[in-house]
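Asks: Data: start.cif, mmCIF, C-alpha atoms and all ligand atoms.
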```cif
data_run
loop_
_atom_site.group_PDB
_atom_site.id
_atom_site.type_symbol
_atom_site.label_atom_id
_atom_site.label_comp_id
_atom_site.auth_asym_id
_atom_site.auth_seq_id
_atom_site.Cartn_x
_atom_site.Cartn_y
_atom_site.Cartn_z
ATOM 1 C CA MET A 1 -18.850 21.205 2.092
ATOM 2 C CA SER A 2 -17.349 18.570 -0.120
ATOM 3 C CA LEU A 3 -16.336 18.327 -3.695
ATOM 4 C CA CYS A 4 -17.589 15.141 -5.221
ATOM 5 C CA LEU A 5 -16.238 13.674 -8.427
ATOM 6 C CA ASP A 6 -18.884 12.792 -10.882
ATOM 7 C CA ARG A 7 -18.583 10.191 -13.607
ATOM 8 C CA GLY A 8 -21.289 11.079 -16.067
ATOM 9 C CA SER A 9 -24.599 11.038 -14.286
ATOM 10 C CA THR A 10 -23.582 8.905 -11.334
ATOM 11 C CA PRO A 11 -21.744 10.686 -8.554
ATOM 12 C CA LEU A 12 -19.044 8.429 -7.187
ATOM 13 C CA VAL A 13 -15.334 7.863 -6.907
ATOM 14 C CA SER A 14 -14.009 10.046 -4.153
ATOM 15 C CA ILE A 15 -14.383 13.104 -2.059
ATOM 16 C CA ILE A 16 -11.823 15.826 -1.754
ATOM 17 C CA THR A 17 -11.816 17.509 1.580
ATOM 18 C CA ASN A 18 -9.581 20.468 1.371
ATOM 19 C CA LYS A 19 -10.349 23.495 3.467
ATOM 20 C CA GLN A 20 -8.705 25.874 1.083
ATOM 21 C CA LEU A 21 -10.728 24.619 -1.837
ATOM 22 C CA VAL A 22 -13.947 24.709 0.123
ATOM 23 C CA LYS A 23 -13.281 28.293 1.144
ATOM 24 C CA LEU A 24 -12.528 29.217 -2.399
ATOM 25 C CA VAL A 25 -15.672 27.633 -3.753
ATOM 26 C CA LYS A 26 -17.744 29.435 -1.136
ATOM 27 C CA GLN A 27 -16.171 32.757 -1.944
ATOM 28 C CA SER A 28 -16.025 32.623 -5.665
ATOM 29 C CA TYR A 29 -19.127 32.492 -7.756
ATOM 30 C CA LYS A 30 -16.954 32.526 -10.853
ATOM 31 C CA LEU A 31 -15.014 29.478 -9.806
ATOM 32 C CA PHE A 32 -18.214 27.677 -8.976
ATOM 33 C CA PHE A 33 -19.317 28.067 -12.567
ATOM 34 C CA ILE A 34 -15.999 26.933 -13.917
ATOM 35 C CA LEU A 35 -16.236 23.831 -11.815
ATOM 36 C CA PHE A 36 -19.661 23.143 -13.141
ATOM 37 C CA SER A 37 -18.993 23.791 -16.763
ATOM 38 C CA ASN A 38 -17.971 20.196 -17.368
ATOM 39 C CA SER A 39 -20.775 18.603 -15.527
ATOM 40 C CA LEU A 40 -24.043 17.159 -16.734
ATOM 41 C CA ILE A 41 -25.632 18.999 -13.869
ATOM 42 C CA TYR A 42 -24.658 22.217 -15.592
ATOM 43 C CA LYS A 43 -27.495 21.578 -18.018
ATOM 44 C CA ASN A 44 -29.913 22.208 -15.198
ATOM 45 C CA THR A 45 -27.934 25.253 -14.085
ATOM 46 C CA GLN A 46 -28.564 27.400 -11.071
ATOM 47 C CA SER A 47 -32.041 26.292 -10.125
ATOM 48 C CA ARG A 48 -30.783 22.763 -9.828
ATOM 49 C CA PHE A 49 -27.910 23.958 -7.700
ATOM 50 C CA HIS A 50 -30.143 25.748 -5.276
ATOM 51 C CA LEU A 51 -31.927 22.499 -4.700
ATOM 52 C CA HIS A 52 -28.668 21.024 -3.538
ATOM 53 C CA LYS A 53 -29.166 21.623 0.134
ATOM 54 C CA THR A 54 -26.213 19.467 1.030
ATOM 55 C CA ASN A 55 -23.861 21.780 -0.807
ATOM 56 C CA ILE A 56 -22.207 19.034 -2.749
ATOM 57 C CA PHE A 57 -20.635 20.144 -5.974
ATOM 58 C CA TYR A 58 -20.286 17.750 -8.830
ATOM 59 C CA VAL A 59 -17.499 17.919 -11.367
ATOM 60 C CA THR A 60 -16.580 15.524 -14.109
ATOM 61 C CA GLN A 61 -12.836 15.868 -14.354
ATOM 62 C CA LEU A 62 -10.482 15.944 -11.434
ATOM 63 C CA SER A 63 -7.606 17.067 -13.621
ATOM 64 C CA ALA A 64 -9.577 20.025 -14.987
ATOM 65 C CA THR A 65 -10.538 21.058 -11.484
ATOM 66 C CA LEU A 66 -6.998 20.833 -10.258
ATOM 67 C CA LYS A 67 -5.870 22.976 -13.166
ATOM 68 C CA ILE A 68 -8.256 25.682 -12.047
ATOM 69 C CA ILE A 69 -7.050 25.438 -8.482
ATOM 70 C CA GLU A 70 -3.516 25.756 -9.755
ATOM 71 C CA ILE A 71 -4.377 28.982 -11.545
ATOM 72 C CA TYR A 72 -5.753 30.402 -8.299
ATOM 73 C CA PHE A 73 -3.126 29.110 -5.925
ATOM 74 C CA GLY A 74 -0.072 28.939 -8.135
ATOM 75 C CA GLY A 75 1.988 25.931 -9.213
ATOM 76 C CA GLY A 76 2.692 23.035 -6.912
ATOM 77 C CA TYR A 77 -0.705 22.956 -5.308
ATOM 78 C CA ALA A 78 -2.306 20.906 -8.038
ATOM 79 C CA LEU A 79 0.524 18.391 -8.078
ATOM 80 C CA LYS A 80 0.263 17.920 -4.324
ATOM 81 C CA ASN A 81 -3.400 17.070 -4.713
ATOM 82 C CA GLN A 82 -2.719 14.800 -7.648
ATOM 83 C CA ILE A 83 -0.149 12.903 -5.612
ATOM 84 C CA GLU A 84 -2.634 12.551 -2.769
ATOM 85 C CA GLN A 85 -5.245 11.340 -5.203
ATOM 86 C CA LEU A 86 -2.891 8.788 -6.708
ATOM 87 C CA GLN A 87 -1.902 7.627 -3.247
ATOM 88 C CA HIS A 88 -5.570 7.201 -2.425
ATOM 89 C CA TYR A 89 -6.296 5.212 -5.592
ATOM 90 C CA ILE A 90 -3.348 2.918 -4.950
ATOM 91 C CA HIS A 91 -4.318 2.461 -1.349
ATOM 92 C CA GLN A 92 -7.914 1.494 -2.101
ATOM 93 C CA SER A 93 -7.154 -0.761 -5.082
ATOM 94 C CA LYS A 94 -6.647 -4.480 -4.775
ATOM 95 C CA LYS A 95 -5.157 -5.229 -8.173
ATOM 96 C CA ILE A 96 -3.077 -2.660 -10.006
ATOM 97 C CA ALA A 97 -2.274 -2.949 -13.709
ATOM 98 C CA PHE A 98 0.702 -0.781 -14.615
ATOM 99 C CA PHE A 99 1.029 -0.216 -18.341
ATOM 100 C CA GLY A 100 4.403 1.369 -19.066
ATOM 101 C CA GLY A 101 6.417 2.593 -22.024
ATOM 102 C CA ALA A 102 9.811 4.126 -22.724
ATOM 103 C CA GLY A 103 9.128 7.081 -20.406
ATOM 104 C CA VAL A 104 9.349 4.708 -17.428
ATOM 105 C CA SER A 105 13.033 4.062 -18.137
ATOM 106 C CA THR A 106 14.219 7.527 -19.184
ATOM 107 C CA GLU A 107 15.070 8.356 -15.573
ATOM 108 C CA SER A 108 17.390 5.315 -15.640
ATOM 109 C CA GLY A 109 19.335 6.979 -18.430
ATOM 110 C CA LEU A 110 17.684 5.129 -21.321
ATOM 111 C CA PRO A 111 16.455 7.608 -23.909
ATOM 112 C CA ASP A 112 12.981 7.254 -25.333
ATOM 113 C CA TYR A 113 13.295 6.090 -28.972
ATOM 114 C CA ARG A 114 11.428 9.199 -29.969
ATOM 115 C CA SER A 115 13.307 11.680 -27.790
ATOM 116 C CA GLN A 116 16.062 13.968 -29.036
ATOM 117 C CA GLU A 117 18.740 11.464 -28.036
ATOM 118 C CA GLY A 118 16.628 8.456 -28.924
ATOM 119 C CA THR A 119 17.539 5.725 -31.391
ATOM 120 C CA TYR A 120 14.833 6.609 -33.907
ATOM 121 C CA THR A 121 15.587 10.323 -33.842
ATOM 122 C CA LYS A 122 19.289 9.645 -34.371
ATOM 123 C CA MET A 123 18.472 7.387 -37.308
ATOM 124 C CA GLU A 124 16.181 9.930 -38.882
ATOM 125 C CA GLU A 125 18.899 12.571 -38.564
ATOM 126 C CA LYS A 126 20.951 10.340 -40.813
ATOM 127 C CA GLN A 127 18.017 9.967 -43.209
ATOM 128 C CA LEU A 128 17.468 6.385 -42.114
ATOM 129 C CA ASN A 129 14.005 4.989 -41.642
ATOM 130 C CA PRO A 130 13.837 3.183 -38.275
ATOM 131 C CA LYS A 131 10.910 1.070 -39.467
ATOM 132 C CA ILE A 132 13.194 -0.376 -42.136
ATOM 133 C CA ARG A 133 16.486 -0.379 -40.238
ATOM 134 C CA MET A 134 14.978 -1.994 -37.153
ATOM 135 C CA SER A 135 13.058 -4.620 -39.105
ATOM 136 C CA LYS A 136 13.595 -8.345 -39.244
ATOM 137 C CA ARG A 137 13.974 -8.167 -42.992
ATOM 138 C CA PHE A 138 16.791 -5.636 -42.764
ATOM 139 C CA MET A 139 18.547 -7.769 -40.150
ATOM 140 C CA LEU A 140 18.432 -10.821 -42.421
ATOM 141 C CA GLU A 141 19.380 -8.991 -45.610
ATOM 142 C CA ASN A 142 22.006 -6.642 -44.169
ATOM 143 C CA PRO A 143 23.315 -8.286 -40.997
ATOM 144 C CA GLU A 144 26.654 -6.422 -41.091
ATOM 145 C CA GLU A 145 24.874 -3.079 -41.137
ATOM 146 C CA PHE A 146 22.251 -4.181 -38.631
ATOM 147 C CA PHE A 147 24.767 -5.379 -36.032
ATOM 148 C CA LYS A 148 27.266 -2.572 -36.562
ATOM 149 C CA PRO A 149 27.857 -0.917 -33.189
ATOM 150 C CA ARG A 150 26.132 2.443 -33.029
ATOM 151 C CA ASP A 151 28.114 5.650 -32.459
ATOM 152 C CA ASN A 152 27.277 5.935 -28.795
ATOM 153 C CA GLN A 153 27.965 2.301 -27.943
ATOM 154 C CA THR A 154 31.624 2.591 -27.063
ATOM 155 C CA LYS A 155 31.153 0.651 -23.859
ATOM 156 C CA PRO A 156 28.024 -1.115 -22.702
ATOM 157 C CA PHE A 157 25.815 0.993 -20.482
ATOM 158 C CA ILE A 158 24.205 -0.950 -17.671
ATOM 159 C CA PRO A 159 21.050 0.841 -16.546
ATOM 160 C CA GLU A 160 19.690 0.621 -13.020
ATOM 161 C CA PRO A 161 16.042 0.731 -11.918
ATOM 162 C CA ASN A 162 14.794 4.188 -10.957
ATOM 163 C CA ALA A 163 12.345 5.338 -8.285
ATOM 164 C CA GLY A 164 9.409 4.272 -10.472
ATOM 165 C CA HIS A 165 10.560 0.665 -10.868
ATOM 166 C CA ARG A 166 11.516 0.511 -7.193
ATOM 167 C CA PHE A 167 8.181 1.850 -5.984
ATOM 168 C CA LEU A 168 6.196 -0.781 -7.903
ATOM 169 C CA ALA A 169 8.459 -3.586 -6.705
ATOM 170 C CA GLU A 170 8.221 -2.382 -3.125
ATOM 171 C CA LEU A 171 4.436 -2.134 -3.358
ATOM 172 C CA GLU A 172 4.319 -5.763 -4.453
ATOM 173 C CA LYS A 173 6.663 -6.761 -1.639
ATOM 174 C CA GLN A 174 4.265 -5.141 0.836
ATOM 175 C CA GLY A 175 1.505 -7.427 -0.427
ATOM 176 C CA LYS A 176 -0.232 -5.445 -3.179
ATOM 177 C CA ASP A 177 -1.159 -7.326 -6.343
ATOM 178 C CA VAL A 178 0.815 -5.406 -8.992
ATOM 179 C CA ARG A 179 0.783 -6.502 -12.637
ATOM 180 C CA ILE A 180 3.249 -4.850 -14.950
ATOM 181 C CA ILE A 181 2.706 -4.783 -18.681
ATOM 182 C CA THR A 182 5.618 -3.069 -20.358
ATOM 183 C CA GLN A 183 6.620 -2.000 -23.847
ATOM 184 C CA ASN A 184 10.232 -1.839 -22.671
ATOM 185 C CA VAL A 185 12.759 -4.596 -23.227
ATOM 186 C CA ASP A 186 15.260 -3.492 -20.569
ATOM 187 C CA GLY A 187 14.231 -5.759 -17.681
ATOM 188 C CA LEU A 188 14.437 -2.955 -15.116
ATOM 189 C CA HIS A 189 11.177 -3.917 -13.431
ATOM 190 C CA GLN A 190 12.529 -7.417 -12.772
ATOM 191 C CA LYS A 191 15.856 -5.980 -11.680
ATOM 192 C CA ALA A 192 13.978 -3.855 -9.131
ATOM 193 C CA GLY A 193 12.244 -7.007 -7.869
ATOM 194 C CA SER A 194 8.840 -7.061 -9.584
ATOM 195 C CA LYS A 195 7.605 -10.604 -10.113
ATOM 196 C CA LEU A 196 4.718 -10.318 -12.553
ATOM 197 C CA VAL A 197 6.057 -8.542 -15.639
ATOM 198 C CA VAL A 198 4.674 -9.052 -19.131
ATOM 199 C CA GLU A 199 7.163 -7.802 -21.718
ATOM 200 C CA LEU A 200 5.110 -7.112 -24.832
ATOM 201 C CA HIS A 201 8.079 -6.446 -27.071
ATOM 202 C CA GLY A 202 10.390 -9.127 -25.730
ATOM 203 C CA ASN A 203 13.632 -8.556 -23.854
ATOM 204 C CA ASN A 204 17.220 -7.584 -24.536
ATOM 205 C CA ARG A 205 18.808 -10.004 -22.049
ATOM 206 C CA HIS A 206 18.108 -13.243 -23.821
ATOM 207 C CA PHE A 207 20.018 -14.135 -27.020
ATOM 208 C CA TYR A 208 19.401 -17.112 -29.237
ATOM 209 C CA CYS A 209 20.391 -18.631 -32.589
ATOM 210 C CA MET A 210 17.685 -18.214 -35.194
ATOM 211 C CA GLU A 211 18.518 -21.593 -36.740
ATOM 212 C CA CYS A 212 18.840 -23.982 -33.839
ATOM 213 C CA GLY A 213 17.522 -21.938 -30.939
ATOM 214 C CA ARG A 214 20.677 -22.357 -28.827
ATOM 215 C CA GLU A 215 20.914 -19.672 -26.186
ATOM 216 C CA TYR A 216 24.016 -17.563 -25.662
ATOM 217 C CA PRO A 217 24.898 -15.423 -22.664
ATOM 218 C CA TYR A 218 25.548 -11.806 -23.694
ATOM 219 C CA ASN A 219 29.255 -11.982 -22.894
ATOM 220 C CA GLU A 220 29.792 -15.166 -24.858
ATOM 221 C CA ILE A 221 28.172 -14.357 -28.168
ATOM 222 C CA PRO A 222 30.472 -15.544 -30.968
ATOM 223 C CA ARG A 223 30.883 -13.222 -33.959
ATOM 224 C CA ASP A 224 32.065 -13.963 -37.482
ATOM 225 C CA ASP A 225 34.815 -11.992 -39.240
ATOM 226 C CA THR A 226 32.301 -9.324 -40.317
ATOM 227 C CA ASN A 227 31.322 -8.833 -36.680
ATOM 228 C CA VAL A 228 27.883 -10.419 -37.123
ATOM 229 C CA PRO A 229 26.856 -12.573 -34.149
ATOM 230 C CA ARG A 230 26.636 -16.117 -35.511
ATOM 231 C CA CYS A 231 26.164 -19.577 -34.115
ATOM 232 C CA PRO A 232 29.392 -21.592 -34.736
ATOM 233 C CA ILE A 233 27.360 -24.770 -35.215
ATOM 234 C CA ASP A 234 25.001 -23.804 -38.033
ATOM 235 C CA ASN A 235 26.024 -20.229 -38.876
ATOM 236 C CA GLY A 236 22.592 -18.944 -37.802
ATOM 237 C CA ILE A 237 22.295 -15.321 -36.710
ATOM 238 C CA ILE A 238 22.275 -14.855 -32.947
ATOM 239 C CA ARG A 239 19.816 -12.171 -31.976
ATOM 240 C CA ALA A 240 18.200 -10.624 -28.937
ATOM 241 C CA ASP A 241 14.704 -11.804 -28.073
ATOM 242 C CA VAL A 242 13.120 -8.443 -28.935
ATOM 243 C CA ILE A 243 10.266 -7.823 -31.345
ATOM 244 C CA LEU A 244 11.517 -6.050 -34.449
ATOM 245 C CA PHE A 245 9.407 -4.149 -36.950
ATOM 246 C CA GLY A 246 7.558 -6.629 -39.138
ATOM 247 C CA GLU A 247 7.452 -9.262 -36.414
ATOM 248 C CA ASN A 248 4.429 -10.456 -34.513
ATOM 249 C CA LEU A 249 4.202 -10.435 -30.753
ATOM 250 C CA LYS A 250 4.876 -13.762 -29.065
ATOM 251 C CA PRO A 251 1.832 -16.053 -29.120
ATOM 252 C CA GLY A 252 -0.214 -15.750 -25.995
ATOM 253 C CA ILE A 253 1.422 -12.581 -24.711
ATOM 254 C CA LEU A 254 -1.395 -10.343 -25.839
ATOM 255 C CA ASP A 255 -4.003 -12.559 -24.203
ATOM 256 C CA ARG A 256 -2.027 -12.618 -20.987
ATOM 257 C CA ALA A 257 -1.795 -8.819 -20.950
ATOM 258 C CA LYS A 258 -5.519 -8.455 -21.734
ATOM 259 C CA GLU A 259 -6.421 -10.879 -18.987
ATOM 260 C CA LEU A 260 -4.343 -8.989 -16.406
ATOM 261 C CA ILE A 261 -5.701 -5.583 -17.416
ATOM 262 C CA ALA A 262 -9.307 -6.819 -17.484
ATOM 263 C CA ASP A 263 -8.945 -8.268 -13.999
ATOM 264 C CA SER A 264 -7.500 -5.128 -12.344
ATOM 265 C CA ASP A 265 -9.311 -2.372 -10.536
ATOM 266 C CA LEU A 266 -6.748 0.387 -11.056
ATOM 267 C CA LEU A 267 -4.974 1.055 -14.349
ATOM 268 C CA ILE A 268 -1.880 3.251 -14.373
ATOM 269 C CA ILE A 269 -0.684 4.213 -17.842
ATOM 270 C CA ALA A 270 2.821 5.646 -17.599
ATOM 271 C CA GLY A 271 5.527 6.983 -19.867
ATOM 272 C CA THR A 272 3.886 6.025 -23.130
ATOM 273 C CA SER A 273 2.126 7.850 -25.931
ATOM 274 C CA LEU A 274 0.057 4.667 -26.503
ATOM 275 C CA SER A 275 0.831 5.046 -30.192
ATOM 276 C CA VAL A 276 2.724 1.767 -30.601
ATOM 277 C CA TYR A 277 0.693 -1.382 -31.207
ATOM 278 C CA PRO A 278 -0.858 -3.020 -29.180
ATOM 279 C CA ALA A 279 -1.090 -0.382 -26.451
ATOM 280 C CA LYS A 280 -4.423 1.126 -27.463
ATOM 281 C CA THR A 281 -6.173 -2.167 -28.060
ATOM 282 C CA LEU A 282 -5.010 -3.431 -24.676
ATOM 283 C CA ILE A 283 -6.230 -0.664 -22.409
ATOM 284 C CA ARG A 284 -9.706 -1.060 -23.911
ATOM 285 C CA HIS A 285 -10.059 -4.232 -21.865
ATOM 286 C CA PHE A 286 -9.926 -2.391 -18.565
ATOM 287 C CA THR A 287 -13.245 -2.473 -16.743
ATOM 288 C CA GLY A 288 -12.058 -1.495 -13.264
ATOM 289 C CA SER A 289 -12.733 1.744 -11.482
ATOM 290 C CA GLU A 290 -9.854 4.208 -11.897
ATOM 291 C CA VAL A 291 -7.498 5.147 -14.702
ATOM 292 C CA VAL A 292 -4.411 7.257 -14.038
ATOM 293 C CA VAL A 293 -2.046 8.645 -16.664
ATOM 294 C CA ILE A 294 1.485 9.674 -15.714
ATOM 295 C CA ASN A 295 3.108 11.129 -18.782
ATOM 296 C CA GLN A 296 5.075 14.261 -19.636
ATOM 297 C CA SER A 297 2.367 15.284 -22.073
ATOM 298 C CA PRO A 298 -1.364 14.601 -21.598
ATOM 299 C CA LEU A 299 -2.806 11.787 -23.719
ATOM 300 C CA LYS A 300 -5.913 11.732 -25.833
ATOM 301 C CA ILE A 301 -7.600 8.493 -24.852
ATOM 302 C CA LYS A 302 -10.990 7.564 -26.215
ATOM 303 C CA ASP A 303 -11.335 4.028 -24.983
ATOM 304 C CA VAL A 304 -11.248 4.567 -21.238
ATOM 305 C CA GLN A 305 -12.143 7.500 -19.048
ATOM 306 C CA VAL A 306 -9.085 8.974 -17.383
ATOM 307 C CA ASP A 307 -9.639 10.026 -13.764
ATOM 308 C CA LEU A 308 -6.264 11.593 -13.096
ATOM 309 C CA THR A 309 -3.453 12.897 -15.299
ATOM 310 C CA ILE A 310 -0.053 13.767 -13.891
ATOM 311 C CA THR A 311 2.319 15.448 -16.341
ATOM 312 C CA GLU A 312 5.516 14.735 -14.411
ATOM 313 C CA PRO A 313 8.286 12.157 -14.817
ATOM 314 C CA VAL A 314 7.184 8.696 -13.669
ATOM 315 C CA GLY A 315 9.982 8.034 -11.165
ATOM 316 C CA GLU A 316 9.713 11.503 -9.676
ATOM 317 C CA THR A 317 5.957 11.057 -9.241
ATOM 318 C CA PHE A 318 6.278 7.693 -7.513
ATOM 319 C CA SER A 319 9.085 8.948 -5.291
ATOM 320 C CA LYS A 320 6.541 11.316 -3.697
ATOM 321 C CA LEU A 321 4.288 8.432 -2.670
ATOM 322 C CA THR A 322 4.436 6.338 0.446
ATOM 323 C CA VAL A 323 4.611 2.585 0.012
ATOM 324 C CA HIS A 324 1.987 0.753 1.966
ATOM 325 C CA ALA A 325 -0.242 -1.948 0.632
HETATM 326 ZN ZN ZN B 401 22.562 -22.382 -34.128
#
```
Just give me the structure of the file as structure tokens.
Ligand SMILES: [Zn+2]
Replies:
Amino acid sequence: MSLCLDRGSTPLVSIITNKQLVKLVKQSYKLFFILFSNSLIYKNTQSRFHLHKTNIFYVTQLSATLKIIEIYFGGGYALKNQIEQLQHYIHQSKKIAFFGGAGVSTESGLPDYRSQEGTYTKMEEKQLNPKIRMSKRFMLENPEEFFKPRDNQTKPFIPEPNAGHRFLAELEKQGKDVRIITQNVDGLHQKAGSKLVVELHGNNRHFYCMECGREYPYNEIPRDDTNVPRCPIDNGIIRADVILFGENLKPGILDRAKELIADSDLLIIAGTSLSVYPAKTLIRHFTGSEVVVINQSPLKIKDVQVDLTITEPVGETFSKLTVHA
């Protein structure tokens, strides 16, 4: 007997062959009905089932099924299957679009803006509105305040790529077409060795003068007597090439990201709540076969059908996979 994943009315995608599951389905009438409760076939109920001489069960949601299995078998079992499923998707895909957010870098020691230790949370604790304090307008009107070192910045912290970044880079090295679209500005994907990285919100490694465009290496940024980074030639503010609140994305970057997502057959959404523009509008362009979400909390996504959700840290998840293109 097999368990076949069903997308709407067309059975497709993949087949799970797991002896334990098969045994369980055979033994448990109750479980059988739980498995069917999501399916269109359920509408035709038992009589329809009895016509299924091949004993193929159809379910709509792998994640829901795995949840049930977890209840029966205890924790760990579902994750093992999810990892196998993810491995399978990666193996069979030709072009992988990886859409990542802050959660991809938390295992490198960079807090999510929205986490307890994150920049935004810290600001809000001090009754500061991050949307104002991290805006271009605030930078121009209050440069001293904007560039004031934050409490925790006693010495610069240099983050290193984690297992997630390394896995994707290694996959590419082995010959897989991996396209990374990231909301992060930390450059850890490139540091790990990934070649095709679209940084939606810019990057924090490139500094330039807003007046003349001269570029300054991080260690050689001149500052005025109020500690504001300024260009000695025209007194322009020297800033990082990141997108601040109130600023538009770089021209062309959105189109590039759309193009890469639309042309991929597997979409992995990782470490992001998809709440920050333009995340939601971007994933809509995916027309490939499988969508995987790796995020600590499950996401409500309307625009694409999610085939697999893993609620574990991104790096930890990827560290359980084998790299082979
Ligand atoms: Zn200048």
Asks: Kindly compile the residues surrounding ligand ZN 401 (chain B) within 8 Å, counting all atoms listed in the file, and format them as a short mmCIF file (atom, residue, chain, number, x, y, z; two decimals) with C-alpha atoms, keeping the file's coordinate frame.
Replies:
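And here's selection.cif as it stands now:
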```
data_model
loop_
_atom_site.label_atom_id
_atom_site.label_comp_id
_atom_site.auth_asym_id
_atom_site.auth_seq_id
_atom_site.Cartn_x
_atom_site.Cartn_y
_atom_site.Cartn_z
CA TYR A 208 19.40 -17.11 -29.24
CA CYS A 209 20.39 -18.63 -32.59
CA MET A 210 17.68 -18.21 -35.19
CA GLU A 211 18.52 -21.59 -36.74
CA CYS A 212 18.84 -23.98 -33.84
CA GLY A 213 17.52 -21.94 -30.94
CA ARG A 214 20.68 -22.36 -28.83
CA ARG A 230 26.64 -16.12 -35.51
CA CYS A 231 26.16 -19.58 -34.12
CA PRO A 232 29.39 -21.59 -34.74
CA ILE A 233 27.36 -24.77 -35.22
CA ASP A 234 25.00 -23.80 -38.03
CA ASN A 235 26.02 -20.23 -38.88
CA GLY A 236 22.59 -18.94 -37.80
CA ILE A 237 22.30 -15.32 -36.71
CA ILE A 238 22.28 -14.86 -32.95
#
```
Asks: In terms of the shortest atom-to-atom distance over only C-alpha atoms, which of A:Leu171, A:Ile158, A:Leu266, A:Leu196 is closest to Asp307 in chain A?
Replies: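 Of A:Leu171, A:Ile158, A:Leu266, A:Leu196, the one nearest Asp307 in chain A is A:Leu266, counting only C-alpha atoms.
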Asks: Quick one: what's the axis-aligned box for range 301-311 of chain A, all listed atoms, 3 Å on every side, centre and edges in Å to one decimal, as JSON?
Replies:
```
{"center_x": -4.9, "center_y": 9.7, "center_z": -19.7, "size_x": 20.5, "size_y": 17.4, "size_z": 19.1}
```
Asks: Counting all atoms listed in the file, which residue out of A:Asp186, A:Glu160, A:Glu144, A:Glu125 sits closest to Ala102 in chain A?
Replies: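 Looking only at the distances to Ala102 in chain A, the closest residue turns out to be A:Asp186.
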Asks: What lies within 6 Å of Ser135 in chain A using all atoms listed in the file, ignoring chain neighbours under 5 positions off, as a ChimeraX atom specification?
Replies: /A:244-246
Asks: As an exercise, work out the distance from CA of Asn204 in chain A to CA of Pro217 in chain A in Å and give it to one decimal place.
Replies: 11.1 Å
Asks: What does the distance from CA of Pro143 in chain A to CA of Leu110 in chain A come to in Å, to one decimal?
Replies: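 Atom-to-atom, CA of Pro143 in chain A to CA of Leu110 in chain A, that is 24.5 Å.
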Asks: Skip range 286-303 of chain A itself and residues of its chain fewer than 5 positions away, then list as a ChimeraX atom specification all residues within 10 Å of it, counting all atoms listed in the file.
Replies: /A:13,85-86,89-90,93,95-101,103-104,258-274,280-281,308-315,317-318
Asks: Quick check, in Å to one decimal: how far apart do CA of Tyr113 in chain A and CA of Asn184 in chain A lie?
Replies: 10.6 Å
Asks: Would you mind listing what lies within 9 Å of Pro130 in chain A as a list in words, with only C-alpha atoms counted and same-chain residues fewer than 6 positions away left out?
Replies: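 These residues fall inside the cut-off: Thr119, Tyr120, Thr121, Met123, Glu124 and Phe245 of chain A.
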Asks: Using only C-alpha atoms, please write the residues we just selected to a file, as an mmCIF file, keeping the file's coordinate frame.
Replies:
```cif
data_model
loop_
_atom_site.group_PDB
_atom_site.id
_atom_site.type_symbol
_atom_site.label_atom_id
_atom_site.label_comp_id
_atom_site.auth_asym_id
_atom_site.auth_seq_id
_atom_site.Cartn_x
_atom_site.Cartn_y
_atom_site.Cartn_z
ATOM 1 C CA THR A 119 17.539 5.725 -31.391
ATOM 2 C CA TYR A 120 14.833 6.609 -33.907
ATOM 3 C CA THR A 121 15.587 10.323 -33.842
ATOM 4 C CA MET A 123 18.472 7.387 -37.308
ATOM 5 C CA GLU A 124 16.181 9.930 -38.882
ATOM 6 C CA PHE A 245 9.407 -4.149 -36.950
#
```
Asks: Please identify all polymer residues lying at most 9 Å from the point (16.5, -6.2, -17.3) (file coordinates), using only C-alpha atoms, and present the result as a VMD selection string.
Replies: chain A and resid 159 to 161 185 to 192 203 to 205
Asks: Applied to the shown file, which residues does the PyMOL selection byres (((chain A and resi 228) around 10) and not hetatm) return, written as a list in words?
Replies: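 Expected selection for the PyMOL selection byres (((chain A and resi 228) around 10) and not hetatm) here is Asn142, Pro143, Glu144, Glu145, Phe146, Phe147, Lys148, Ile221, Pro222, Arg223, Asp224, Asp225, Thr226, Asn227, Pro229, Arg230, Cys231, Ile237, Ile238 and Arg239 of chain A.
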Asks: Taking N, CA and C atoms as the atom set, what does range 288-295 of chain A look like once completed, written as a compact mmCIF listing (two decimals), keeping the file's coordinate frame?
Replies:
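Final output, out.txt:
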```txt
# COMPACT_ATOMS: atom_id res chain seq x y z
N GLY A 288 -12.13 -1.85 -14.68
CA GLY A 288 -12.06 -1.50 -13.26
C GLY A 288 -12.50 -0.07 -13.01
N SER A 289 -12.17 0.45 -11.83
CA SER A 289 -12.73 1.74 -11.48
C SER A 289 -11.90 2.96 -11.88
N GLU A 290 -10.59 2.98 -11.62
CA GLU A 290 -9.85 4.21 -11.90
C GLU A 290 -8.75 4.05 -12.93
N VAL A 291 -8.57 5.12 -13.72
CA VAL A 291 -7.50 5.15 -14.70
C VAL A 291 -6.64 6.38 -14.44
N VAL A 292 -5.35 6.16 -14.29
CA VAL A 292 -4.41 7.26 -14.04
C VAL A 292 -3.39 7.30 -15.17
N VAL A 293 -3.10 8.49 -15.65
CA VAL A 293 -2.05 8.64 -16.66
C VAL A 293 -0.91 9.45 -16.06
N ILE A 294 0.30 8.90 -16.12
CA ILE A 294 1.48 9.67 -15.71
C ILE A 294 2.36 9.78 -16.96
N ASN A 295 2.37 10.95 -17.54
CA ASN A 295 3.11 11.13 -18.78
C ASN A 295 3.47 12.61 -18.92
```
